[in-house]
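Below is target-v7.pdb, holding PDB, C-alpha atoms, pLDDT in the B column.
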```
ATOM      1  CA  VAL T  21       0.000   0.000   0.000  1.00 93.00           C
ATOM      2  CA  ILE T  22       2.818   2.428   0.903  1.00 93.00           C
ATOM      3  CA  ILE T  23       4.663   1.657  -2.343  1.00 93.00           C
ATOM      4  CA  MET T  24       1.529   2.183  -4.438  1.00 94.00           C
ATOM      5  CA  LEU T  25       0.647   5.492  -2.768  1.00 94.00           C
ATOM      6  CA  SER T  26       4.246   6.701  -2.980  1.00 95.00           C
ATOM      7  CA  TYR T  27       4.483   6.047  -6.708  1.00 95.00           C
ATOM      8  CA  LEU T  28       1.062   7.578  -7.393  1.00 93.00           C
ATOM      9  CA  GLY T  29       2.142  10.733  -5.597  1.00 93.00           C
ATOM     10  CA  ALA T  30       5.560  10.814  -7.240  1.00 94.00           C
ATOM     11  CA  ILE T  31       4.482  10.390 -10.880  1.00 93.00           C
ATOM     12  CA  GLY T  32       2.156  13.371 -10.510  1.00 90.00           C
ATOM     13  CA  PHE T  33      -1.203  14.465 -11.802  1.00 92.00           C
ATOM     14  CA  ILE T  34      -0.015  14.801 -15.419  1.00 90.00           C
ATOM     15  CA  VAL T  35       0.294  11.020 -15.735  1.00 92.00           C
ATOM     16  CA  LEU T  36      -2.879  10.344 -13.757  1.00 91.00           C
ATOM     17  CA  ASN T  37      -4.843  12.775 -15.925  1.00 91.00           C
ATOM     18  CA  ASP T  38      -3.456  11.218 -19.121  1.00 90.00           C
ATOM     19  CA  TRP T  39      -4.313   7.757 -17.864  1.00 89.00           C
ATOM     20  CA  TRP T  40      -7.871   8.803 -17.021  1.00 89.00           C
ATOM     21  CA  GLU T  41      -8.404  10.442 -20.405  1.00 89.00           C
ATOM     22  CA  TRP T  42      -7.050   7.339 -22.141  1.00 84.00           C
ATOM     23  CA  LEU T  43      -9.291   5.125 -19.998  1.00 84.00           C
ATOM     24  CA  THR T  44     -12.357   7.213 -20.884  1.00 86.00           C
ATOM     25  CA  ARG T  45     -11.224   7.225 -24.545  1.00 80.00           C
ATOM     26  CA  ARG T  46     -10.759  10.969 -24.761  1.00 81.00           C
ATOM     27  CA  LYS T  47      -7.191  10.351 -25.933  1.00 78.00           C
ATOM     28  CA  LYS T  48      -5.630   7.597 -28.015  1.00 80.00           C
ATOM     29  CA  GLY T  49      -2.405   7.443 -26.031  1.00 78.00           C
ATOM     30  CA  MET T  50      -0.142   8.963 -23.428  1.00 81.00           C
ATOM     31  CA  THR T  51       1.621  12.291 -23.931  1.00 84.00           C
ATOM     32  CA  LEU T  52       5.399  12.514 -24.306  1.00 84.00           C
ATOM     33  CA  THR T  53       5.701  13.975 -20.790  1.00 87.00           C
ATOM     34  CA  SER T  54       3.856  11.015 -19.266  1.00 90.00           C
ATOM     35  CA  LYS T  55       6.001   8.545 -21.200  1.00 88.00           C
ATOM     36  CA  ILE T  56       9.173  10.283 -20.016  1.00 89.00           C
ATOM     37  CA  ILE T  57       7.985  10.271 -16.396  1.00 93.00           C
ATOM     38  CA  LEU T  58       7.063   6.576 -16.459  1.00 92.00           C
ATOM     39  CA  TRP T  59      10.253   5.587 -18.306  1.00 91.00           C
ATOM     40  CA  CYS T  60      12.482   7.436 -15.856  1.00 93.00           C
ATOM     41  CA  THR T  61      10.595   6.257 -12.753  1.00 95.00           C
ATOM     42  CA  ILE T  62      10.749   2.609 -13.829  1.00 95.00           C
ATOM     43  CA  SER T  63      14.425   2.868 -14.857  1.00 95.00           C
ATOM     44  CA  ILE T  64      15.466   4.352 -11.504  1.00 96.00           C
ATOM     45  CA  SER T  65      13.480   1.745  -9.582  1.00 96.00           C
ATOM     46  CA  VAL T  66      14.843  -1.250 -11.501  1.00 97.00           C
ATOM     47  CA  ALA T  67      18.469  -0.110 -11.720  1.00 97.00           C
ATOM     48  CA  GLY T  68      18.522   1.152  -8.122  1.00 97.00           C
ATOM     49  CA  THR T  69      16.971  -2.032  -6.741  1.00 97.00           C
ATOM     50  CA  ILE T  70      19.460  -4.294  -8.538  1.00 96.00           C
ATOM     51  CA  LEU T  71      22.487  -2.244  -7.469  1.00 97.00           C
ATOM     52  CA  PHE T  72      21.291  -1.957  -3.861  1.00 97.00           C
ATOM     53  CA  ALA T  73      20.504  -5.677  -3.608  1.00 96.00           C
ATOM     54  CA  LEU T  74      23.876  -6.711  -5.017  1.00 94.00           C
ATOM     55  CA  ASP T  75      26.030  -4.217  -3.113  1.00 92.00           C
ATOM     56  CA  GLU T  76      24.513  -3.514   0.299  1.00 95.00           C
ATOM     57  CA  PRO T  77      26.094  -5.812   2.974  1.00 94.00           C
ATOM     58  CA  SER T  78      23.225  -5.432   5.471  1.00 92.00           C
ATOM     59  CA  VAL T  79      20.768  -7.226   3.142  1.00 94.00           C
ATOM     60  CA  THR T  80      23.019  -9.978   1.758  1.00 91.00           C
ATOM     61  CA  HIS T  81      21.985 -12.414   4.515  1.00 91.00           C
ATOM     62  CA  LEU T  82      18.321 -12.213   3.488  1.00 93.00           C
ATOM     63  CA  PRO T  83      16.660 -14.648   1.057  1.00 94.00           C
ATOM     64  CA  TRP T  84      16.578 -13.251  -2.479  1.00 94.00           C
ATOM     65  CA  SER T  85      12.850 -12.525  -2.374  1.00 93.00           C
ATOM     66  CA  GLU T  86      13.232 -10.470   0.816  1.00 95.00           C
ATOM     67  CA  ARG T  87      16.456  -8.862  -0.386  1.00 96.00           C
ATOM     68  CA  ILE T  88      14.753  -7.591  -3.537  1.00 96.00           C
ATOM     69  CA  THR T  89      11.727  -6.370  -1.576  1.00 95.00           C
ATOM     70  CA  VAL T  90      13.829  -4.510   0.992  1.00 96.00           C
ATOM     71  CA  SER T  91      16.076  -3.027  -1.689  1.00 97.00           C
ATOM     72  CA  TRP T  92      13.127  -1.971  -3.857  1.00 96.00           C
ATOM     73  CA  PHE T  93      11.367  -0.325  -0.920  1.00 97.00           C
ATOM     74  CA  GLN T  94      14.455   1.634   0.126  1.00 96.00           C
ATOM     75  CA  VAL T  95      15.228   2.874  -3.384  1.00 97.00           C
ATOM     76  CA  MET T  96      11.548   3.702  -3.896  1.00 97.00           C
ATOM     77  CA  THR T  97      11.305   5.699  -0.689  1.00 96.00           C
ATOM     78  CA  ALA T  98      14.382   7.736  -1.685  1.00 96.00           C
ATOM     79  CA  SER T  99      13.373   8.386  -5.300  1.00 96.00           C
ATOM     80  CA  THR T 100       9.771   9.302  -4.442  1.00 96.00           C
ATOM     81  CA  THR T 101      11.069  11.337  -1.450  1.00 95.00           C
ATOM     82  CA  VAL T 102       8.530   9.874   1.001  1.00 95.00           C
ATOM     83  CA  GLY T 103      11.194   9.158   3.622  1.00 92.00           C
ATOM     84  CA  PHE T 104      10.283   5.716   4.993  1.00 95.00           C
ATOM     85  CA  ASN T 105      12.913   3.107   5.855  1.00 94.00           C
ATOM     86  CA  THR T 106      12.764  -0.535   6.903  1.00 92.00           C
ATOM     87  CA  ILE T 107      16.500  -0.890   7.589  1.00 94.00           C
ATOM     88  CA  PRO T 108      18.811   1.427   9.588  1.00 94.00           C
ATOM     89  CA  ILE T 109      20.104   4.104   7.209  1.00 95.00           C
ATOM     90  CA  GLY T 110      23.109   4.806   9.419  1.00 92.00           C
ATOM     91  CA  ALA T 111      24.302   1.215   8.974  1.00 93.00           C
ATOM     92  CA  LEU T 112      24.356   1.338   5.168  1.00 95.00           C
ATOM     93  CA  SER T 113      27.607   1.198   3.222  1.00 94.00           C
ATOM     94  CA  GLY T 114      29.048   4.293   1.576  1.00 93.00           C
ATOM     95  CA  SER T 115      28.111   3.085  -1.903  1.00 94.00           C
ATOM     96  CA  SER T 116      24.489   2.494  -0.868  1.00 96.00           C
ATOM     97  CA  LEU T 117      24.285   5.939   0.733  1.00 96.00           C
ATOM     98  CA  PHE T 118      25.626   7.449  -2.489  1.00 96.00           C
ATOM     99  CA  LEU T 119      23.077   5.482  -4.537  1.00 97.00           C
ATOM    100  CA  LEU T 120      20.206   6.729  -2.375  1.00 97.00           C
ATOM    101  CA  THR T 121      21.626  10.267  -2.505  1.00 97.00           C
ATOM    102  CA  VAL T 122      21.480  10.220  -6.315  1.00 97.00           C
ATOM    103  CA  ALA T 123      17.901   8.890  -6.153  1.00 97.00           C
ATOM    104  CA  MET T 124      16.920  11.708  -3.761  1.00 97.00           C
ATOM    105  CA  ILE T 125      18.521  14.359  -5.973  1.00 97.00           C
ATOM    106  CA  ILE T 126      16.599  13.127  -9.034  1.00 96.00           C
ATOM    107  CA  GLY T 127      13.449  12.815  -6.940  1.00 95.00           C
ATOM    108  CA  ALA T 128       9.879  12.654  -8.185  1.00 94.00           C
ATOM    109  CA  SER T 129       8.104  14.191 -11.179  1.00 93.00           C
ATOM    110  CA  PRO T 130       6.459  17.542 -12.000  1.00 90.00           C
ATOM    111  CA  SER T 131       2.906  18.113 -10.726  1.00 89.00           C
ATOM    112  CA  GLY T 132       3.581  15.451  -8.115  1.00 89.00           C
ATOM    113  CA  THR T 133       3.952  15.485  -4.354  1.00 89.00           C
ATOM    114  CA  GLY T 134       7.675  14.729  -4.201  1.00 92.00           C
ATOM    115  CA  GLY T 135      10.854  16.774  -4.104  1.00 93.00           C
ATOM    116  CA  GLY T 136      14.086  16.595  -6.048  1.00 95.00           C
ATOM    117  CA  VAL T 137      15.185  18.115  -9.333  1.00 95.00           C
ATOM    118  CA  LYS T 138      12.478  16.040 -11.152  1.00 95.00           C
ATOM    119  CA  THR T 139      12.657  13.105 -13.552  1.00 94.00           C
ATOM    120  CA  THR T 140      11.771  15.204 -16.620  1.00 92.00           C
ATOM    121  CA  CYS T 141      14.735  17.492 -15.955  1.00 94.00           C
ATOM    122  CA  VAL T 142      17.166  14.576 -15.792  1.00 94.00           C
ATOM    123  CA  THR T 143      15.636  12.949 -18.865  1.00 92.00           C
ATOM    124  CA  ALA T 144      15.922  16.160 -20.895  1.00 92.00           C
ATOM    125  CA  LEU T 145      19.611  16.444 -20.019  1.00 94.00           C
ATOM    126  CA  TRP T 146      20.093  12.760 -20.832  1.00 92.00           C
ATOM    127  CA  ALA T 147      18.620  13.465 -24.274  1.00 92.00           C
ATOM    128  CA  VAL T 148      21.042  16.392 -24.658  1.00 93.00           C
ATOM    129  CA  MET T 149      23.991  14.136 -23.864  1.00 94.00           C
ATOM    130  CA  MET T 150      22.892  11.377 -26.248  1.00 92.00           C
ATOM    131  CA  GLY T 151      22.164  13.925 -28.969  1.00 91.00           C
ATOM    132  CA  ALA T 152      25.639  15.416 -28.585  1.00 92.00           C
ATOM    133  CA  LEU T 153      27.237  11.967 -28.839  1.00 94.00           C
ATOM    134  CA  ARG T 154      25.242  11.255 -31.996  1.00 91.00           C
ATOM    135  CA  ARG T 155      25.927  14.780 -33.308  1.00 92.00           C
ATOM    136  CA  ASP T 156      22.227  15.419 -33.835  1.00 89.00           C
ATOM    137  CA  HIS T 157      21.113  18.929 -34.695  1.00 87.00           C
ATOM    138  CA  VAL T 158      17.907  18.565 -32.666  1.00 89.00           C
ATOM    139  CA  ILE T 159      17.329  17.005 -29.253  1.00 89.00           C
ATOM    140  CA  ARG T 160      15.050  13.982 -29.297  1.00 88.00           C
ATOM    141  CA  PHE T 161      13.691  11.500 -26.798  1.00 84.00           C
ATOM    142  CA  ALA T 162      11.726   8.413 -27.844  1.00 79.00           C
ATOM    143  CA  GLY T 163      11.689   9.795 -31.382  1.00 82.00           C
ATOM    144  CA  ARG T 164      10.070  13.066 -30.342  1.00 85.00           C
ATOM    145  CA  VAL T 165      11.746  16.474 -30.475  1.00 88.00           C
ATOM    146  CA  ILE T 166      12.184  18.196 -27.099  1.00 87.00           C
ATOM    147  CA  PRO T 167      11.582  21.968 -27.395  1.00 88.00           C
ATOM    148  CA  GLU T 168      14.619  24.148 -26.726  1.00 89.00           C
ATOM    149  CA  SER T 169      12.724  26.026 -24.002  1.00 91.00           C
ATOM    150  CA  ARG T 170      12.291  22.765 -22.060  1.00 90.00           C
ATOM    151  CA  VAL T 171      15.974  21.948 -22.391  1.00 92.00           C
ATOM    152  CA  ARG T 172      17.003  25.414 -21.187  1.00 94.00           C
ATOM    153  CA  ALA T 173      14.630  25.137 -18.214  1.00 94.00           C
ATOM    154  CA  ALA T 174      16.013  21.700 -17.360  1.00 94.00           C
ATOM    155  CA  ALA T 175      19.619  22.900 -17.503  1.00 95.00           C
ATOM    156  CA  ALA T 176      18.817  25.935 -15.349  1.00 96.00           C
ATOM    157  CA  SER T 177      16.926  23.847 -12.794  1.00 95.00           C
ATOM    158  CA  MET T 178      19.676  21.238 -12.541  1.00 96.00           C
ATOM    159  CA  MET T 179      22.432  23.837 -12.206  1.00 96.00           C
ATOM    160  CA  PHE T 180      20.536  25.830  -9.578  1.00 97.00           C
ATOM    161  CA  TYR T 181      19.697  22.691  -7.595  1.00 97.00           C
ATOM    162  CA  LEU T 182      23.269  21.363  -7.643  1.00 97.00           C
ATOM    163  CA  LEU T 183      24.722  24.769  -6.738  1.00 97.00           C
ATOM    164  CA  THR T 184      22.356  25.017  -3.777  1.00 97.00           C
ATOM    165  CA  LEU T 185      23.146  21.465  -2.669  1.00 97.00           C
ATOM    166  CA  GLY T 186      26.898  21.915  -3.148  1.00 97.00           C
ATOM    167  CA  THR T 187      26.909  25.143  -1.160  1.00 97.00           C
ATOM    168  CA  GLY T 188      24.946  23.499   1.626  1.00 97.00           C
ATOM    169  CA  ILE T 189      27.279  20.506   1.804  1.00 97.00           C
ATOM    170  CA  TYR T 190      30.356  22.744   1.874  1.00 97.00           C
ATOM    171  CA  LEU T 191      29.011  24.967   4.656  1.00 97.00           C
ATOM    172  CA  VAL T 192      27.804  22.033   6.770  1.00 96.00           C
ATOM    173  CA  ALA T 193      31.171  20.314   6.292  1.00 96.00           C
ATOM    174  CA  LEU T 194      32.838  23.446   7.697  1.00 96.00           C
ATOM    175  CA  THR T 195      30.765  23.364  10.878  1.00 95.00           C
ATOM    176  CA  GLU T 196      30.406  19.624  11.529  1.00 94.00           C
ATOM    177  CA  HIS T 197      32.847  16.811  12.289  1.00 91.00           C
ATOM    178  CA  GLN T 198      31.096  13.988  10.441  1.00 92.00           C
ATOM    179  CA  SER T 199      31.953  11.927   7.379  1.00 92.00           C
ATOM    180  CA  LEU T 200      31.440  13.719   4.084  1.00 93.00           C
ATOM    181  CA  THR T 201      29.249  10.867   2.797  1.00 93.00           C
ATOM    182  CA  ALA T 202      26.860  11.230   5.732  1.00 94.00           C
ATOM    183  CA  LEU T 203      26.741  15.013   5.376  1.00 95.00           C
ATOM    184  CA  MET T 204      26.030  14.742   1.649  1.00 96.00           C
ATOM    185  CA  PHE T 205      23.188  12.343   2.409  1.00 96.00           C
ATOM    186  CA  GLU T 206      21.704  14.605   5.092  1.00 96.00           C
ATOM    187  CA  CYS T 207      21.871  17.696   2.866  1.00 96.00           C
ATOM    188  CA  ALA T 208      20.346  15.926  -0.139  1.00 97.00           C
ATOM    189  CA  SER T 209      17.581  14.589   2.084  1.00 96.00           C
ATOM    190  CA  ALA T 210      16.896  18.027   3.525  1.00 95.00           C
ATOM    191  CA  LEU T 211      16.868  19.833   0.167  1.00 96.00           C
ATOM    192  CA  GLY T 212      14.612  17.191  -1.375  1.00 95.00           C
ATOM    193  CA  THR T 213      12.334  17.191   1.728  1.00 93.00           C
ATOM    194  CA  VAL T 214      12.831  13.432   1.937  1.00 95.00           C
ATOM    195  CA  GLY T 215      13.148  12.832   5.661  1.00 91.00           C
ATOM    196  CA  LEU T 216      15.715  10.024   5.559  1.00 95.00           C
ATOM    197  CA  SER T 217      18.680  10.405   7.888  1.00 94.00           C
ATOM    198  CA  CYS T 218      21.888   8.620   8.829  1.00 93.00           C
ATOM    199  CA  GLY T 219      21.019   9.409  12.435  1.00 91.00           C
ATOM    200  CA  ILE T 220      23.371  12.370  12.785  1.00 92.00           C
ATOM    201  CA  THR T 221      20.822  15.195  12.458  1.00 89.00           C
ATOM    202  CA  GLY T 222      20.259  15.379  16.202  1.00 89.00           C
ATOM    203  CA  THR T 223      24.001  15.633  16.877  1.00 91.00           C
ATOM    204  CA  LEU T 224      24.580  18.585  14.529  1.00 92.00           C
ATOM    205  CA  SER T 225      25.408  21.991  15.923  1.00 94.00           C
ATOM    206  CA  ALA T 226      22.808  24.758  15.885  1.00 95.00           C
ATOM    207  CA  THR T 227      24.508  26.220  12.796  1.00 95.00           C
ATOM    208  CA  GLY T 228      24.502  22.864  11.053  1.00 93.00           C
ATOM    209  CA  LYS T 229      20.807  22.350  11.774  1.00 93.00           C
ATOM    210  CA  ALA T 230      19.994  25.843  10.510  1.00 93.00           C
ATOM    211  CA  LEU T 231      21.915  25.205   7.298  1.00 93.00           C
TER
END
```
I need this file expressed as structure tokens, please.
Amino acid sequence: VIIMLSYLGAIGFIVLNDWWEWLTRRKKGMTLTSKIILWCTISISVAGTILFALDEPSVTHLPWSERITVSWFQVMTASTTVGFNTIPIGALSGSSLFLLTVAMIIGASPSGTGGGVKTTCVTALWAVMMGALRRDHVIRFAGRVIPESRVRAAAASMMFYLLTLGTGIYLVALTEHQSLTALMFECASALGTVGLSCGITGTLSATGKAL
């Protein structure tokens, strides 16, 4: 139930509206935005779950069915920015913390209830990268041209988000005596309004908490 509600909130009302109009036969198919949102959400969930299940030491003792479930739930709760956890975050390995940090930075989708830089922003920049490698004159995704205004907005959003996050991490690192990995995780969680924590938030100084 939590997974279903989290994903419904994260994919946003654009997808839900498209789905309803398709179901009531007002439209023949989904819009490009909805396809991008679903593609990115599924890709993050599948790739993140596999990497977490294979790498995280605290879940390797579990049977494969439970390991996949636990890994999926933890990646889901980071990418949809709902902030639940079924295993101690503070006990995770550095690679798993980094994986969840990336998921929190990407976050949910536009017109949704989650935080992060948004899946459409990341997908637009992915299309820019692939287009540059192919030396295309126009930016395409799934065979459809992405308007230049959308690409510019995505680049501006990503740059502003990363600058804000980077500044926060640097300032918190100046005031706190904690590992950089943990501080990066805490800052990404705070900026994305996720709510996950390594357990160090309560031990931060007043300046660190304010930042």
Report as a PDB file with C-alpha atoms, keeping the file's coordinate frame all protein, DNA and RNA residues lying within 12 Å of Leu58 in chain T, evaluated on all atoms listed in the file, omitting residues in the same chain fewer than 2 positions from it.
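Result saved to out.pdb:
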```
ATOM      1  CA  TYR T  27       4.483   6.047  -6.708  1.00 95.00           C
ATOM      2  CA  LEU T  28       1.062   7.578  -7.393  1.00 93.00           C
ATOM      3  CA  ALA T  30       5.560  10.814  -7.240  1.00 94.00           C
ATOM      4  CA  ILE T  31       4.482  10.390 -10.880  1.00 93.00           C
ATOM      5  CA  GLY T  32       2.156  13.371 -10.510  1.00 90.00           C
ATOM      6  CA  ILE T  34      -0.015  14.801 -15.419  1.00 90.00           C
ATOM      7  CA  VAL T  35       0.294  11.020 -15.735  1.00 92.00           C
ATOM      8  CA  LEU T  36      -2.879  10.344 -13.757  1.00 91.00           C
ATOM      9  CA  ASP T  38      -3.456  11.218 -19.121  1.00 90.00           C
ATOM     10  CA  TRP T  39      -4.313   7.757 -17.864  1.00 89.00           C
ATOM     11  CA  MET T  50      -0.142   8.963 -23.428  1.00 81.00           C
ATOM     12  CA  THR T  51       1.621  12.291 -23.931  1.00 84.00           C
ATOM     13  CA  LEU T  52       5.399  12.514 -24.306  1.00 84.00           C
ATOM     14  CA  THR T  53       5.701  13.975 -20.790  1.00 87.00           C
ATOM     15  CA  SER T  54       3.856  11.015 -19.266  1.00 90.00           C
ATOM     16  CA  LYS T  55       6.001   8.545 -21.200  1.00 88.00           C
ATOM     17  CA  ILE T  56       9.173  10.283 -20.016  1.00 89.00           C
ATOM     18  CA  CYS T  60      12.482   7.436 -15.856  1.00 93.00           C
ATOM     19  CA  THR T  61      10.595   6.257 -12.753  1.00 95.00           C
ATOM     20  CA  ILE T  62      10.749   2.609 -13.829  1.00 95.00           C
ATOM     21  CA  SER T  63      14.425   2.868 -14.857  1.00 95.00           C
ATOM     22  CA  ILE T  64      15.466   4.352 -11.504  1.00 96.00           C
ATOM     23  CA  SER T  65      13.480   1.745  -9.582  1.00 96.00           C
ATOM     24  CA  ALA T 128       9.879  12.654  -8.185  1.00 94.00           C
ATOM     25  CA  SER T 129       8.104  14.191 -11.179  1.00 93.00           C
ATOM     26  CA  PRO T 130       6.459  17.542 -12.000  1.00 90.00           C
ATOM     27  CA  THR T 139      12.657  13.105 -13.552  1.00 94.00           C
ATOM     28  CA  THR T 140      11.771  15.204 -16.620  1.00 92.00           C
ATOM     29  CA  THR T 143      15.636  12.949 -18.865  1.00 92.00           C
TER      30      THR T 143
END
```
Do you have the CA of Arg87 in chain T-CA of Ala73 in chain T distance handy?
->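 We find that CA of Arg87 in chain T and CA of Ala73 in chain T lie 6.1 Å from each other.
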In Å, rounded to a single decimal, give me how far CA of Leu224 in chain T is from CA of Gly186 in chain T.
->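 It comes out at 18.1 Å.
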Care to translate the PyMOL selection byres ((chain T and resi 68) around 12) into actual residues of this file, as a ChimeraX atom specification?
-> /T:60-67,69-76,88,90-99,115-124
Filtering to C-alpha atoms, could you give me those residues as a compact mmCIF listing (two decimals), in the frame of the given file?
```
# COMPACT_ATOMS: atom_id res chain seq x y z
CA CYS T 60 12.48 7.44 -15.86
CA THR T 61 10.60 6.26 -12.75
CA ILE T 62 10.75 2.61 -13.83
CA SER T 63 14.42 2.87 -14.86
CA ILE T 64 15.47 4.35 -11.50
CA SER T 65 13.48 1.74 -9.58
CA VAL T 66 14.84 -1.25 -11.50
CA ALA T 67 18.47 -0.11 -11.72
CA THR T 69 16.97 -2.03 -6.74
CA ILE T 70 19.46 -4.29 -8.54
CA LEU T 71 22.49 -2.24 -7.47
CA PHE T 72 21.29 -1.96 -3.86
CA ALA T 73 20.50 -5.68 -3.61
CA LEU T 74 23.88 -6.71 -5.02
CA ASP T 75 26.03 -4.22 -3.11
CA GLU T 76 24.51 -3.51 0.30
CA ILE T 88 14.75 -7.59 -3.54
CA VAL T 90 13.83 -4.51 0.99
CA SER T 91 16.08 -3.03 -1.69
CA TRP T 92 13.13 -1.97 -3.86
CA PHE T 93 11.37 -0.32 -0.92
CA GLN T 94 14.46 1.63 0.13
CA VAL T 95 15.23 2.87 -3.38
CA MET T 96 11.55 3.70 -3.90
CA THR T 97 11.30 5.70 -0.69
CA ALA T 98 14.38 7.74 -1.68
CA SER T 99 13.37 8.39 -5.30
CA SER T 115 28.11 3.08 -1.90
CA SER T 116 24.49 2.49 -0.87
CA LEU T 117 24.28 5.94 0.73
CA PHE T 118 25.63 7.45 -2.49
CA LEU T 119 23.08 5.48 -4.54
CA LEU T 120 20.21 6.73 -2.38
CA THR T 121 21.63 10.27 -2.50
CA VAL T 122 21.48 10.22 -6.32
CA ALA T 123 17.90 8.89 -6.15
CA MET T 124 16.92 11.71 -3.76
```
Output the residue selection produced by the PyMOL selection byres ((chain T and resi 204) around 10) on the file above, formatted as a list in words.
-> Leu117, Phe118, Thr121, Leu185, Gly186, Gly188, Ile189, Tyr190, Val192, Ala193, Ser199, Leu200, Thr201, Ala202, Leu203, Phe205, Glu206, Cys207, Ala208, Ser209 and Ala210 of chain T
Could you jot down the CA of Thr221 in chain T to CA of Pro108 in chain T separation for me, Å, one decimal place?
-> 14.2 Å
What would range 220-231 of chain T look like with N, CA, C and O atoms in place, written as a PDB file, in the frame of the given file?
```
ATOM      1  N   ILE T 220      22.456  11.363  12.246  1.00 92.00           N
ATOM      2  CA  ILE T 220      23.371  12.370  12.785  1.00 92.00           C
ATOM      3  C   ILE T 220      22.712  13.742  12.918  1.00 92.00           C
ATOM      4  O   ILE T 220      23.323  14.666  13.450  1.00 92.00           O
ATOM      5  N   THR T 221      21.474  13.887  12.440  1.00 89.00           N
ATOM      6  CA  THR T 221      20.822  15.195  12.458  1.00 89.00           C
ATOM      7  C   THR T 221      20.743  15.765  13.864  1.00 89.00           C
ATOM      8  O   THR T 221      20.994  16.960  14.086  1.00 89.00           O
ATOM      9  N   GLY T 222      20.397  14.919  14.813  1.00 89.00           N
ATOM     10  CA  GLY T 222      20.259  15.379  16.202  1.00 89.00           C
ATOM     11  C   GLY T 222      21.564  15.786  16.841  1.00 89.00           C
ATOM     12  O   GLY T 222      21.576  16.508  17.839  1.00 89.00           O
ATOM     13  N   THR T 223      22.685  15.320  16.288  1.00 91.00           N
ATOM     14  CA  THR T 223      24.001  15.633  16.877  1.00 91.00           C
ATOM     15  C   THR T 223      24.652  16.856  16.220  1.00 91.00           C
ATOM     16  O   THR T 223      25.730  17.259  16.648  1.00 91.00           O
ATOM     17  N   LEU T 224      24.008  17.425  15.200  1.00 92.00           N
ATOM     18  CA  LEU T 224      24.580  18.585  14.529  1.00 92.00           C
ATOM     19  C   LEU T 224      24.531  19.816  15.440  1.00 92.00           C
ATOM     20  O   LEU T 224      23.689  19.910  16.328  1.00 92.00           O
ATOM     21  N   SER T 225      25.421  20.740  15.192  1.00 94.00           N
ATOM     22  CA  SER T 225      25.408  21.991  15.923  1.00 94.00           C
ATOM     23  C   SER T 225      24.209  22.825  15.494  1.00 94.00           C
ATOM     24  O   SER T 225      23.533  22.513  14.514  1.00 94.00           O
ATOM     25  N   ALA T 226      23.936  23.890  16.224  1.00 95.00           N
ATOM     26  CA  ALA T 226      22.808  24.758  15.885  1.00 95.00           C
ATOM     27  C   ALA T 226      22.994  25.342  14.480  1.00 95.00           C
ATOM     28  O   ALA T 226      22.032  25.462  13.707  1.00 95.00           O
ATOM     29  N   THR T 227      24.232  25.680  14.142  1.00 95.00           N
ATOM     30  CA  THR T 227      24.508  26.220  12.796  1.00 95.00           C
ATOM     31  C   THR T 227      24.257  25.173  11.731  1.00 95.00           C
ATOM     32  O   THR T 227      23.658  25.458  10.680  1.00 95.00           O
ATOM     33  N   GLY T 228      24.709  23.965  11.989  1.00 93.00           N
ATOM     34  CA  GLY T 228      24.502  22.864  11.053  1.00 93.00           C
ATOM     35  C   GLY T 228      23.029  22.574  10.826  1.00 93.00           C
ATOM     36  O   GLY T 228      22.590  22.346   9.689  1.00 93.00           O
ATOM     37  N   LYS T 229      22.262  22.584  11.907  1.00 93.00           N
ATOM     38  CA  LYS T 229      20.807  22.350  11.774  1.00 93.00           C
ATOM     39  C   LYS T 229      20.153  23.466  10.991  1.00 93.00           C
ATOM     40  O   LYS T 229      19.259  23.231  10.169  1.00 93.00           O
ATOM     41  N   ALA T 230      20.584  24.696  11.233  1.00 93.00           N
ATOM     42  CA  ALA T 230      19.994  25.843  10.510  1.00 93.00           C
ATOM     43  C   ALA T 230      20.317  25.736   9.023  1.00 93.00           C
ATOM     44  O   ALA T 230      19.442  25.979   8.174  1.00 93.00           O
ATOM     45  N   LEU T 231      21.543  25.361   8.710  1.00 93.00           N
ATOM     46  CA  LEU T 231      21.915  25.205   7.298  1.00 93.00           C
ATOM     47  C   LEU T 231      21.113  24.093   6.650  1.00 93.00           C
ATOM     48  O   LEU T 231      20.648  24.239   5.517  1.00 93.00           O
TER      49      LEU T 231
END
```
